[in-house]
$ cat final.txt   # compact mmCIF, C-alpha atoms
# COMPACT_ATOMS: atom_id res chain seq x y z
CA MET M 1 18.41 3.42 8.22
CA GLY M 2 15.72 3.51 5.53
CA LEU M 3 12.55 1.60 4.83
CA LYS M 4 9.98 1.63 2.05
CA PHE M 5 6.52 0.12 1.60
CA ARG M 6 3.09 0.63 0.08
CA CYS M 7 -0.20 0.13 1.90
CA GLU M 8 -3.92 0.95 1.78
CA ARG M 9 -4.66 4.26 3.52
CA ASP M 10 -7.43 2.91 5.79
CA VAL M 11 -5.36 -0.05 7.01
CA LEU M 12 -2.36 2.14 7.79
CA ALA M 13 -4.45 4.89 9.38
CA LYS M 14 -6.08 2.38 11.76
CA ALA M 15 -2.72 0.84 12.73
CA LEU M 16 -1.22 4.28 13.44
CA ALA M 17 -4.27 5.33 15.46
CA ASP M 18 -4.41 2.12 17.52
CA ALA M 19 -0.68 2.11 18.33
CA GLY M 20 -0.80 5.87 18.94
CA ARG M 21 -3.25 5.41 21.82
CA ALA M 22 -0.37 4.13 23.98
CA VAL M 23 1.93 7.02 23.09
CA THR M 24 2.86 9.24 26.00
CA THR M 25 1.07 12.55 26.41
CA ARG M 26 2.99 13.47 29.55
CA GLY M 27 5.35 16.41 29.40
CA GLY M 28 8.92 15.68 30.46
CA ALA M 29 8.88 12.15 29.03
CA LEU M 30 11.51 10.98 26.57
CA PRO M 31 10.85 12.77 23.24
CA VAL M 32 11.06 9.42 21.40
CA LEU M 33 7.99 8.23 23.34
CA ALA M 34 5.91 10.78 21.39
CA GLY M 35 6.66 8.63 18.34
CA VAL M 36 5.48 5.33 16.90
CA ARG M 37 8.05 2.80 15.76
CA LEU M 38 7.61 1.20 12.34
CA VAL M 39 9.42 -2.10 11.74
CA LEU M 40 9.19 -3.54 8.22
CA ASN M 41 10.08 -7.17 7.66
CA GLY M 42 9.16 -8.47 4.21
CA ASP M 43 5.46 -7.71 3.74
CA GLN M 44 4.76 -7.33 7.45
CA LEU M 45 4.76 -3.90 9.09
CA THR M 46 4.59 -3.66 12.89
CA VAL M 47 3.60 -0.29 14.35
CA THR M 48 4.32 0.21 18.07
CA GLY M 49 3.50 2.98 20.52
CA SER M 50 4.42 3.00 24.21
CA ASP M 51 4.62 5.19 27.31
CA LEU M 52 6.61 2.41 29.08
CA ASP M 53 3.54 1.46 31.18
CA LEU M 54 1.31 0.56 28.23
CA THR M 55 2.50 -0.71 24.85
CA ILE M 56 0.29 -1.30 21.80
CA SER M 57 1.65 -3.04 18.68
CA VAL M 58 -0.27 -3.62 15.45
CA THR M 59 0.97 -5.87 12.65
CA ILE M 60 -0.46 -5.32 9.16
CA ASP M 61 0.17 -6.68 5.66
CA VAL M 62 1.84 -4.22 3.28
CA ALA M 63 3.75 -4.38 -0.01
CA GLY M 64 7.29 -4.20 1.35
CA VAL M 65 10.09 -2.77 -0.80
CA GLU M 66 12.95 -2.21 1.66
CA ASP M 67 13.10 -3.62 5.20
CA GLY M 68 14.00 -1.24 8.01
CA VAL M 69 13.07 0.58 11.23
CA ALA M 70 11.88 4.16 11.70
CA VAL M 71 10.22 6.25 14.41
CA LEU M 72 7.65 8.84 13.25
CA PRO M 73 5.95 11.51 15.38
CA SER M 74 2.74 9.69 16.30
CA LYS M 75 0.03 12.34 16.10
CA LEU M 76 1.40 14.05 13.01
CA ALA M 77 1.90 10.81 11.06
CA SER M 78 -1.58 9.62 12.04
CA ASP M 79 -3.23 12.92 11.07
CA VAL M 80 -1.38 13.06 7.73
CA VAL M 81 -2.27 9.50 6.69
CA ARG M 82 -5.89 9.96 7.75
CA SER M 83 -6.12 13.15 5.68
CA LEU M 84 -5.04 11.47 2.42
CA ARG M 85 -7.41 10.40 -0.35
CA ALA M 86 -8.62 6.82 -0.15
CA GLY M 87 -6.40 4.27 -1.89
CA GLY M 88 -2.72 3.41 -1.79
CA VAL M 89 -0.06 5.24 0.24
CA GLU M 90 3.69 4.96 -0.24
CA ILE M 91 6.04 5.66 2.66
CA THR M 92 9.78 6.01 2.16
CA VAL M 93 12.20 6.78 4.99
CA GLU M 94 15.65 8.02 4.08
CA ASP M 95 18.11 9.72 6.43
CA GLU M 96 16.07 12.14 8.56
CA ASP M 97 12.81 12.34 6.59
CA ALA M 98 9.79 10.15 6.00
CA ARG M 99 8.09 10.84 2.67
CA ILE M 100 4.37 10.03 2.64
CA VAL M 101 2.94 10.06 -0.88
CA ALA M 102 -0.60 9.50 -2.15
CA ALA M 103 -1.12 11.46 -5.36
CA PRO M 104 -1.69 14.36 -5.51
CA SER M 105 -0.43 14.79 -1.93
CA GLU M 106 3.16 14.54 -0.74
CA PHE M 107 4.45 15.13 2.79
CA ALA M 108 7.95 15.02 4.25
CA ILE M 109 8.08 14.52 8.02
CA ARG M 110 11.19 14.63 10.18
CA VAL M 111 11.76 11.24 11.83
CA ILE M 112 12.96 10.60 15.40
CA PRO M 113 16.23 8.63 15.79
CA ALA M 114 15.12 4.99 15.95
CA ASP M 115 17.96 3.87 18.23
CA GLU M 116 16.49 6.01 21.03
CA PHE M 117 13.28 3.95 21.11
CA PRO M 118 13.35 1.79 24.27
CA GLU M 119 13.67 -2.00 24.22
CA LEU M 120 10.25 -3.32 25.20
CA SER M 121 9.98 -6.70 26.88
CA SER M 122 7.02 -9.07 26.53
CA PRO M 123 5.60 -11.19 29.36
CA ASP M 124 7.08 -14.67 29.49
CA GLY M 125 4.20 -16.51 31.16
CA ASP M 126 2.32 -19.45 29.66
CA ALA M 127 -0.25 -18.52 27.03
CA VAL M 128 -3.90 -19.01 27.99
CA THR M 129 -6.88 -18.27 25.77
CA LEU M 130 -10.02 -16.40 26.75
CA ASP M 131 -13.34 -16.08 24.95
CA ALA M 132 -13.09 -12.62 23.35
CA GLU M 133 -16.78 -11.71 23.47
CA ALA M 134 -17.25 -12.75 27.12
CA PHE M 135 -14.05 -11.03 28.26
CA LYS M 136 -14.94 -7.82 26.41
CA ALA M 137 -18.36 -7.76 28.09
CA ALA M 138 -16.72 -8.37 31.48
CA ILE M 139 -14.26 -5.50 30.97
CA GLU M 140 -17.08 -3.14 30.02
CA GLN M 141 -18.97 -4.16 33.16
CA VAL M 142 -16.09 -3.35 35.52
CA GLU M 143 -13.92 -0.64 33.97
CA LYS M 144 -16.35 2.23 34.70
CA ALA M 145 -16.07 1.63 38.45
CA ALA M 146 -12.26 1.88 38.45
CA SER M 147 -10.82 5.21 39.56
CA SER M 148 -9.15 7.59 37.11
CA ASP M 149 -7.25 9.36 39.89
CA ASP M 150 -3.54 8.59 39.55
CA ALA M 151 -3.01 9.73 43.15
CA ARG M 152 -4.54 6.38 44.19
CA PRO M 153 -2.95 4.01 41.67
CA ILE M 154 -4.32 0.81 43.23
CA LEU M 155 -7.90 1.97 42.60
CA THR M 156 -7.11 2.63 38.92
CA GLY M 157 -6.62 -1.11 38.48
CA VAL M 158 -8.97 -4.02 37.90
CA LEU M 159 -8.36 -6.98 40.17
CA MET M 160 -8.22 -10.29 38.31
CA ALA M 161 -8.50 -13.06 40.89
CA ALA M 162 -8.77 -16.84 40.70
CA GLU M 163 -11.95 -18.06 42.39
CA GLU M 164 -13.09 -21.63 42.90
CA ASP M 165 -15.25 -21.71 39.77
CA GLY M 166 -13.34 -19.34 37.48
CA LEU M 167 -11.98 -15.84 37.09
CA ARG M 168 -13.29 -12.79 38.95
CA LEU M 169 -12.84 -9.15 37.87
CA VAL M 170 -13.28 -6.44 40.52
CA SER M 171 -12.96 -2.66 40.43
CA THR M 172 -13.76 0.20 42.81
CA ASP M 173 -13.18 3.93 43.09
CA SER M 174 -14.42 3.87 46.72
CA TYR M 175 -17.86 5.25 45.70
CA ARG M 176 -18.98 2.16 43.80
CA LEU M 177 -17.74 -1.38 43.26
CA SER M 178 -18.23 -3.71 40.32
CA VAL M 179 -17.75 -7.49 40.41
CA ARG M 180 -17.96 -9.83 37.41
CA ASP M 181 -17.38 -13.58 37.53
CA LEU M 182 -16.36 -15.55 34.44
CA ALA M 183 -17.26 -19.10 35.37
CA GLY M 184 -15.05 -21.86 34.01
CA THR M 185 -12.28 -19.48 32.92
CA THR M 186 -8.91 -20.56 34.28
CA VAL M 187 -6.16 -18.01 33.91
CA LEU M 188 -4.47 -17.93 37.29
CA GLY M 189 -3.37 -20.52 39.82
CA GLU M 190 -5.56 -21.12 42.85
CA GLY M 191 -5.69 -18.04 45.08
CA GLN M 192 -3.54 -16.02 42.65
CA LYS M 193 -4.47 -12.45 41.78
CA VAL M 194 -3.07 -9.61 39.68
CA LEU M 195 -3.96 -5.94 39.38
CA VAL M 196 -4.25 -4.79 35.75
CA PRO M 197 -4.52 -1.05 34.92
CA SER M 198 -8.07 -0.31 33.78
CA ARG M 199 -6.65 1.85 30.97
CA ALA M 200 -5.04 -1.23 29.39
CA LEU M 201 -8.25 -3.26 29.65
CA LYS M 202 -10.23 -0.37 28.15
CA GLU M 203 -7.88 -0.33 25.15
CA LEU M 204 -8.18 -4.11 24.87
CA ALA M 205 -12.00 -3.94 24.84
CA ARG M 206 -11.81 -1.24 22.16
CA VAL M 207 -9.77 -3.37 19.74
CA ILE M 208 -11.80 -6.58 20.14
CA GLY M 209 -13.89 -6.83 16.98
CA ASP M 210 -17.00 -8.89 16.23
CA ASP M 211 -14.91 -11.41 14.28
CA ASP M 212 -12.39 -11.97 17.09
CA GLU M 213 -13.10 -15.24 18.88
CA GLN M 214 -10.16 -15.50 21.25
CA ILE M 215 -7.74 -13.41 23.27
CA THR M 216 -4.36 -14.85 24.17
CA LEU M 217 -3.16 -13.77 27.61
CA ARG M 218 0.35 -14.09 29.02
CA LEU M 219 1.07 -13.11 32.61
CA GLY M 220 4.59 -12.26 33.71
CA GLU M 221 5.86 -11.28 37.15
CA ARG M 222 5.38 -7.57 36.52
CA ASP M 223 3.43 -7.35 33.28
CA ALA M 224 0.55 -8.81 31.30
CA GLY M 225 0.27 -9.24 27.54
CA PHE M 226 -2.93 -9.58 25.51
CA GLN M 227 -3.00 -10.61 21.84
CA VAL M 228 -6.17 -10.21 19.81
CA GLY M 229 -6.06 -10.49 16.04
CA ALA M 230 -3.26 -8.25 14.74
CA VAL M 231 -3.03 -6.22 17.96
CA SER M 232 -0.77 -6.91 20.92
CA ILE M 233 -1.20 -4.95 24.18
CA THR M 234 1.35 -5.16 26.99
CA THR M 235 0.87 -3.45 30.33
CA ARG M 236 2.74 -3.17 33.58
CA LEU M 237 0.83 -4.63 36.49
CA ILE M 238 0.05 -2.41 39.47
CA GLU M 239 1.90 -3.34 42.65
CA GLY M 240 0.14 -3.23 45.99
CA ASP M 241 -2.84 -4.73 47.80
CA PHE M 242 -6.35 -4.22 46.48
CA PRO M 243 -8.88 -3.25 49.19
CA ASN M 244 -10.73 -6.05 50.95
CA TYR M 245 -13.86 -5.60 48.88
CA ARG M 246 -15.72 -8.61 50.30
CA GLY M 247 -16.20 -6.82 53.60
CA LEU M 248 -18.00 -3.98 51.80
CA ILE M 249 -20.79 -6.15 50.41
CA PRO M 250 -23.71 -6.42 52.87
CA THR M 251 -24.99 -9.97 53.15
CA ASN M 252 -28.54 -9.09 54.19
CA HIS M 253 -30.72 -6.75 52.14
CA PRO M 254 -34.29 -6.59 53.49
CA ASN M 255 -35.59 -4.32 50.69
CA GLN M 256 -35.75 -5.29 47.03
CA LEU M 257 -36.81 -3.30 43.98
CA THR M 258 -37.31 -5.14 40.65
CA VAL M 259 -37.62 -3.11 37.46
CA ASP M 260 -37.10 -3.30 33.70
CA ARG M 261 -33.54 -2.15 33.02
CA LEU M 262 -34.16 0.05 29.97
CA THR M 263 -37.29 1.62 31.48
CA LEU M 264 -35.30 2.65 34.55
CA LEU M 265 -32.36 3.83 32.44
CA ASP M 266 -34.57 6.11 30.32
CA ALA M 267 -36.30 7.50 33.41
CA VAL M 268 -33.04 8.24 35.25
CA ARG M 269 -31.61 9.96 32.15
CA ARG M 270 -34.67 12.22 31.95
CA VAL M 271 -34.73 13.11 35.64
CA ARG M 272 -30.96 13.69 35.61
CA LEU M 273 -31.56 16.79 33.49
CA LEU M 274 -32.72 18.50 36.70
CA ALA M 275 -30.00 16.92 38.87
CA GLN M 276 -27.40 19.61 38.25
CA GLU M 277 -24.41 20.89 40.24
CA SER M 278 -23.73 17.45 41.77
CA THR M 279 -27.32 17.09 42.98
CA PRO M 280 -28.26 13.43 43.60
CA ILE M 281 -31.30 11.61 42.24
CA ARG M 282 -33.65 10.30 44.92
CA LEU M 283 -35.36 6.94 44.55
CA ALA M 284 -38.55 6.89 46.61
CA MET M 285 -39.55 3.23 46.99
CA SER M 286 -42.84 2.03 48.48
CA ALA M 287 -45.65 -0.47 47.94
CA ASP M 288 -46.82 1.84 45.13
CA GLY M 289 -43.57 1.23 43.28
CA LEU M 290 -40.81 3.72 42.46
CA GLU M 291 -40.68 7.47 41.99
CA LEU M 292 -37.55 9.31 40.86
CA VAL M 293 -37.01 12.85 42.12
CA ALA M 294 -34.34 15.47 41.38
CA VAL M 295 -34.39 18.96 42.87
CA THR M 296 -31.74 21.56 42.08
CA GLN M 297 -32.10 24.81 44.00
CA ASP M 298 -32.83 27.86 41.80
CA VAL M 299 -33.06 25.60 38.71
CA GLY M 300 -36.12 23.38 39.10
CA GLN M 301 -37.22 19.85 39.82
CA ALA M 302 -38.24 16.61 38.10
CA HIS M 303 -40.49 13.77 39.24
CA GLU M 304 -41.19 10.54 37.39
CA ALA M 305 -43.12 7.44 38.44
CA VAL M 306 -41.43 4.38 36.95
CA ASP M 307 -43.78 1.90 35.26
CA ASP M 308 -44.00 -1.71 36.47
CA ALA M 309 -41.48 -1.31 39.30
CA ILE M 310 -42.14 -3.89 42.02
CA TYR M 311 -40.89 -3.14 45.56
CA LYS M 312 -40.81 -5.40 48.59
CA GLY M 313 -39.74 -3.94 51.93
CA ASP M 314 -40.09 -0.86 54.13
CA ASP M 315 -40.83 2.50 52.54
CA LEU M 316 -37.45 4.03 51.79
CA THR M 317 -35.94 6.97 49.94
CA VAL M 318 -32.30 6.58 48.85
CA ALA M 319 -30.26 9.18 46.94
CA PHE M 320 -27.49 8.36 44.44
CA ASN M 321 -25.02 10.18 42.23
CA PRO M 322 -26.86 10.03 38.86
CA GLU M 323 -23.71 9.28 36.80
CA TYR M 324 -22.75 6.33 39.00
CA LEU M 325 -26.31 5.01 38.99
CA ILE M 326 -26.51 5.25 35.17
CA ASP M 327 -23.12 3.53 34.77
CA GLY M 328 -24.39 0.55 36.77
CA ILE M 329 -27.72 0.29 34.96
CA GLU M 330 -26.00 0.57 31.55
CA VAL M 331 -23.57 -2.30 32.12
CA ALA M 332 -25.89 -4.68 33.98
CA PRO M 333 -26.61 -7.70 31.76
CA GLY M 334 -30.14 -8.86 31.01
CA ASP M 335 -33.53 -7.14 30.70
CA GLU M 336 -34.47 -6.85 34.37
CA ILE M 337 -32.49 -5.59 37.35
CA THR M 338 -32.92 -5.64 41.10
CA LEU M 339 -31.80 -2.97 43.55
CA GLU M 340 -31.30 -4.33 47.07
CA THR M 341 -31.09 -1.86 49.95
CA VAL M 342 -30.71 -1.85 53.74
CA ASP M 343 -31.33 1.82 54.55
CA GLU M 344 -30.55 5.26 53.11
CA LEU M 345 -26.86 5.18 54.12
CA LYS M 346 -25.64 1.62 53.63
CA PRO M 347 -24.33 0.41 50.23
CA ALA M 348 -27.01 -0.66 47.75
CA LEU M 349 -26.58 -3.66 45.45
CA LEU M 350 -27.56 -3.44 41.79
CA LYS M 351 -27.87 -6.90 40.24
CA SER M 352 -29.11 -8.53 37.08
CA ALA M 353 -32.23 -10.58 37.69
CA GLN M 354 -31.04 -13.10 35.08
CA ASP M 355 -27.27 -13.18 35.63
CA PRO M 356 -25.93 -13.92 39.13
CA ASP M 357 -22.31 -13.42 37.98
CA PHE M 358 -22.61 -9.60 38.00
CA LEU M 359 -22.87 -7.23 40.95
CA TYR M 360 -22.60 -3.42 41.21
CA LEU M 361 -22.44 -1.89 44.67
CA LEU M 362 -23.25 1.80 45.06
CA MET M 363 -22.78 4.13 48.02
CA PRO M 364 -25.84 6.36 48.63
CA VAL M 365 -25.45 10.13 48.93
CA ARG M 366 -26.49 11.60 52.28
CA VAL M 367 -29.32 14.11 51.84
CA SER M 368 -30.98 16.12 54.56
$ encode --input "final.txt" --output "structure tokens"
Amino acid sequence: MGLKFRCERDVLAKALADAGRAVTTRGGALPVLAGVRLVLNGDQLTVTGSDLDLTISVTIDVAGVEDGVAVLPSKLASDVVRSLRAGGVEITVEDEDARIVAAPSEFAIRVIPADEFPELSSPDGDAVTLDAEAFKAAIEQVEKAASSDDARPILTGVLMAAEEDGLRLVSTDSYRLSVRDLAGTTVLGEGQKVLVPSRALKELARVIGDDDEQITLRLGERDAGFQVGAVSITTRLIEGDFPNYRGLIPTNHPNQLTVDRLTLLDAVRRVRLLAQESTPIRLAMSADGLELVAVTQDVGQAHEAVDDAIYKGDDLTVAFNPEYLIDGIEVAPGDEITLETVDELKPALLKSAQDPDFLYLLMPVRVS
């Protein structure tokens, strides 16, 4: 089955790249899943990539000549189109080849049989709309704390749960925990919760542009679909019970450090240079304020007193994994943060002084 259309290089390259991010990279998968499917209907081209867990479709305007369906090898097609000179591109698929022409370049790429591409279902739930900017910020605040270890699939998800005053997003990799509340956002029924793969939410955050005002969300029994602008992302939900995270959050924190967020971030980044080979960064907190310390045996050490840090509580030194600490400081909203601690072994709470709807819990590292 053939198809033929013309399109601007940059528009086509972006569509191929976005859809290609869902294409399988696993060995042993169906060969057709290494391809992107192109469906041309009039002047609308829909490009779809999928690994059966995550599906990304992008619909763009083209100058259609002949309607049809074709599956092209994803990486090769994307690389070829991106390499062309700026301007118009013409793609013609006939029999087993796709011809990609943008003078003076011409490529012929073997296509993959289109009838082997799987039928992909879309969630059938009611459509609800979310504020794109707020949801993107929420995703960025929780996705870092989700695990990337597929051996523990539940921890690779982000819990979306209905709370009394809105929607809550929660993630944890068992070393840290991130909680973000979106007040007034109603997506789920009372008490309902779903577990969405963090990979899908990361892709969603990546495609939300400054001009996008709304995301349309549909929740099915086993999958969730997000539509933003020309991009549609469908993901399987993760089955299983998310850990009881509420029990992990200490209710009483006698010690509180208040500090400018960017000042602390800069200081931790500097001191981290001497926190090598999984060495933690120590935060020495006292009435004098805060000192950061990193000591790596046979390499060296770094000390930095942090300006304008205010500490209330007992003198305490707590050590943290520097990457996890930086992740929390980076995503905390507002200009000022607080770090609430109990002792050197219990979880610490990183909060925004201005925004009570965010919380980042961090397990300290035991140091002798």
$ axis_aligned_box --input "final.txt" --around "segment 277-288 of chain M" --padding-each-side "5 Å" --output "AutoDock Vina command-line options"
--center_x -35.3 --center_y 10.2 --center_z 44.4 --size_x 33.1 --size_y 31.4 --size_z 18.2
$ closest_residue --input "final.txt" --among "M:Pro197, M:Gly313, M:Gly220, M:Gly289" --to "Val259 of chain M" --atoms "all atoms listed in the file"
M:Gly289
$ closest_residue --input "final.txt" --among "M:Ala86, M:Val128, M:Val170, M:Ala162" --to "Ser147 of chain M" --atoms "all atoms listed in the file"
M:Val170
$ atom_distance --input "final.txt" --atom1 "atom CA of Val179 of chain M" --atom2 "atom CA of Leu283 of chain M"
23.1 Å
$ residues_around --input "final.txt" --residues "segment 294-300 of chain M" --least-positions-apart "5" --cutoff "12 Å" --atoms "all atoms listed in the file" --output "MDAnalysis selection string"
chainID M and resid 267:284 318:322 367
$ closest_residue --input "final.txt" --among "M:Leu120, M:Val71, M:Ala309, M:Val231" --to "Arg206 of chain M" --atoms "only C-alpha atoms"
M:Val231
$ decode --input "final.txt" --residues "segment 282-310 of chain M" --atoms "C-alpha atoms" --output "short mmCIF file (atom, residue, chain, number, x, y, z; two decimals), in the first residue's frame"
data_model
loop_
_atom_site.label_atom_id
_atom_site.label_comp_id
_atom_site.auth_asym_id
_atom_site.auth_seq_id
_atom_site.Cartn_x
_atom_site.Cartn_y
_atom_site.Cartn_z
CA ARG M 282 27.28 16.21 55.65
CA LEU M 283 25.11 19.09 56.81
CA ALA M 284 26.38 20.38 60.15
CA MET M 285 23.56 22.48 61.66
CA SER M 286 23.91 24.63 64.77
CA ALA M 287 23.01 28.05 66.18
CA ASP M 288 25.80 29.41 63.94
CA GLY M 289 23.90 28.24 60.87
CA LEU M 290 24.90 25.58 58.34
CA GLU M 291 28.21 24.14 57.18
CA LEU M 292 28.48 21.64 54.32
CA VAL M 293 31.28 19.08 54.46
CA ALA M 294 32.43 16.39 52.02
CA VAL M 295 35.44 14.17 52.66
CA THR M 296 36.59 11.53 50.18
CA GLN M 297 39.49 9.40 51.38
CA ASP M 298 42.69 9.81 49.31
CA VAL M 299 41.02 12.56 47.23
CA GLY M 300 40.43 15.55 49.49
CA GLN M 301 37.74 17.47 51.31
CA ALA M 302 35.47 20.50 50.96
CA HIS M 303 33.89 22.78 53.57
CA GLU M 304 31.48 25.63 52.96
CA ALA M 305 29.55 27.82 55.39
CA VAL M 306 26.17 28.65 53.86
CA ASP M 307 25.17 32.32 54.05
CA ASP M 308 21.98 33.38 55.87
CA ALA M 309 20.98 29.86 56.94
CA ILE M 310 18.80 30.01 60.06
#
